[in-house]
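Note sheet for the following structure.
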Amino acid sequence: MTKWRKVDNIELMKLISDPRRHRILHLCSDEPRTVKQLAEALGEQPSRLYYHVNKLVEFEMLEVAETRQVGNLTERVYQTVNLGDVIYRTDPKMVAENPHLAMAAIRQKVDPGLGMFAQMPRILQEREQAGQGIEGFPYHLTIDSNTEYITAKEWMESLRRVHQAWLKEGEEITQWPDPDFPYPFGDENEKGTYQYVLISYRIEDAQQLGLIPPYGDEEETGKQQEKEENDGS
């Protein structure tokens with residue numbers, strides 16, 4: 001059963017907007033892992049992951065499933081909490097009070113995909129010059145769009161189907177829309193032209209292209225967020 005979780009905390013908003021944290025969540029959803037095992041799967045040093053893991057535990061997205069005694073050390077095994085059962089909805093009040101941070105959080109998810117698209121011509125040209133075929137895309141990326149002339153009620157139903165498609169087989173959205181965030185519809189049967197944009201990319205590819213900061217590089221992440229905030233002010 002899916003649940004809505006209100007994002008009314010800036011730290012939580014930053015957390016769920018960071019693609020790097022989602023790799024950790026999915027790995028620990030596949031099977032419980034220690035920080036050392038996560039580091040091996042991610043090709044990182046364990047010391048660079050503790051900050052991220054601790055943040056995910058703080059906001060109850062990871063939990064300690066088991067503790068092990070390894071010599072004089074206590075080793076914790078982490079598992080994901082309700083990864084596919086939660087739909088996050090940003091609190092409009094928080095957006096109003098922190099507009100630049102809210103926009104930076106959105107860009108943190110979207111910009112890597114746009115950056116991959118921007119780098120694609122160069123990569124394809126290099127492949128062509130090397131005598132390689134350029135029929136296919138060099139990495140996992142799609143940017144698609146569509147428009148529909150429908151009612152507000154039909155639009156909301158279409159968004160429910162999109163969210164439903166993200167769930168695992170057999171899972172169902174039990175509440176739609178979120179009762180705590182009613183949309184300000186005047187006439188839900190009034191028609192309008194709705195734009196849909198889908199940007200999907202593989203996080204690992206974006207990391208290899210340097211479009212997502214490495215794990216542990218919190219200073220660089222902070223600088224980027226500060227720059228985006230200043231650009232919007």
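Labels for the structure tokens follow display order: chains A, B, ..., residues from 1 in each chain, ligands from 1.
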Residues of region 52-198 of chain A classed as strand (DSSP E) by DSSP on the backbone are to be reported as a ChimeraX atom specification. /A:62-70,73-80,86-90,141-151,191-198
May I have the residues from that selection written out with C-alpha atoms, as a PDB file, in the first residue's frame?
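Output file out_13.pdb is given in full below:
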```
ATOM      1  CA  LEU A  62      17.278   3.396   5.804  1.00  0.00           C
ATOM      2  CA  GLU A  63      17.222   1.346   8.973  1.00  0.00           C
ATOM      3  CA  VAL A  64      19.659  -0.936  10.762  1.00  0.00           C
ATOM      4  CA  ALA A  65      18.499  -4.474  10.024  1.00  0.00           C
ATOM      5  CA  GLU A  66      21.280  -6.230  11.919  1.00  0.00           C
ATOM      6  CA  THR A  67      24.450  -5.553  13.899  1.00  0.00           C
ATOM      7  CA  ARG A  68      27.515  -7.777  13.766  1.00  0.00           C
ATOM      8  CA  GLN A  69      30.566  -7.905  15.968  1.00  0.00           C
ATOM      9  CA  VAL A  70      33.710  -7.975  13.826  1.00  0.00           C
ATOM     10  CA  LEU A  73      34.120  -3.213  15.825  1.00  0.00           C
ATOM     11  CA  THR A  74      30.346  -3.234  15.548  1.00  0.00           C
ATOM     12  CA  GLU A  75      29.253  -3.542  11.924  1.00  0.00           C
ATOM     13  CA  ARG A  76      25.766  -2.368  10.938  1.00  0.00           C
ATOM     14  CA  VAL A  77      23.717  -3.880   8.130  1.00  0.00           C
ATOM     15  CA  TYR A  78      21.291  -1.451   6.500  1.00  0.00           C
ATOM     16  CA  GLN A  79      18.072  -2.034   4.613  1.00  0.00           C
ATOM     17  CA  THR A  80      15.735   0.346   2.825  1.00  0.00           C
ATOM     18  CA  VAL A  86       6.057   6.180  -0.540  1.00  0.00           C
ATOM     19  CA  ILE A  87       5.125   9.071  -2.817  1.00  0.00           C
ATOM     20  CA  TYR A  88       6.767  12.336  -1.796  1.00  0.00           C
ATOM     21  CA  ARG A  89       4.820  15.580  -2.091  1.00  0.00           C
ATOM     22  CA  THR A  90       6.551  18.894  -1.439  1.00  0.00           C
ATOM     23  CA  LEU A 141      18.829   8.636 -21.759  1.00  0.00           C
ATOM     24  CA  THR A 142      15.444   9.631 -23.087  1.00  0.00           C
ATOM     25  CA  ILE A 143      13.700  12.988 -23.262  1.00  0.00           C
ATOM     26  CA  ASP A 144      10.136  12.633 -24.482  1.00  0.00           C
ATOM     27  CA  SER A 145       7.127  14.925 -24.502  1.00  0.00           C
ATOM     28  CA  ASN A 146       3.434  14.917 -25.289  1.00  0.00           C
ATOM     29  CA  THR A 147       0.416  17.196 -25.007  1.00  0.00           C
ATOM     30  CA  GLU A 148      -3.214  16.368 -24.326  1.00  0.00           C
ATOM     31  CA  TYR A 149      -6.363  18.483 -24.504  1.00  0.00           C
ATOM     32  CA  ILE A 150      -8.241  17.095 -21.512  1.00  0.00           C
ATOM     33  CA  THR A 151     -10.130  18.093 -18.379  1.00  0.00           C
ATOM     34  CA  LYS A 191     -10.592  21.432 -20.551  1.00  0.00           C
ATOM     35  CA  GLY A 192      -7.067  22.700 -21.111  1.00  0.00           C
ATOM     36  CA  THR A 193      -3.925  21.766 -23.020  1.00  0.00           C
ATOM     37  CA  TYR A 194      -1.542  19.895 -20.717  1.00  0.00           C
ATOM     38  CA  GLN A 195       2.162  19.461 -21.416  1.00  0.00           C
ATOM     39  CA  TYR A 196       3.952  16.283 -20.329  1.00  0.00           C
ATOM     40  CA  VAL A 197       7.760  16.024 -20.289  1.00  0.00           C
ATOM     41  CA  LEU A 198       9.624  12.835 -19.414  1.00  0.00           C
TER      42      LEU A 198
END
```
Write out, as CSV, each residue of region 72-167 of chain A that has an atom at most 7 Å from region 202-213 of chain A, together with the closest pair of atoms and their distance in Å to one decimal, counting only C-alpha atoms, rows going by chain and rising number.
```
residue,atom,partner,partner_atom,distance
A:Pro112,CA,A:Leu211,CA,5.4
A:Gly115,CA,A:Leu211,CA,6.8
A:Met116,CA,A:Ala206,CA,6.7
A:Tyr139,CA,A:Asp205,CA,6.6
A:His140,CA,A:Arg202,CA,5.5
A:Leu141,CA,A:Arg202,CA,6.8
```
Write out as an MDAnalysis selection string all residues of region 26-185 of chain A that backbone DSSP assigns to alpha helix (DSSP H). chainID A and resid 26:30 35:42 50:58 92:97 99:129 152:166
For the atom pair CA of Pro179 (chain A) and CA of Leu12 (chain A), what is the interatomic distance in Å to one decimal place?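 Value for the CA of Pro179 (chain A)-CA of Leu12 (chain A) distance: 20.6 Å.
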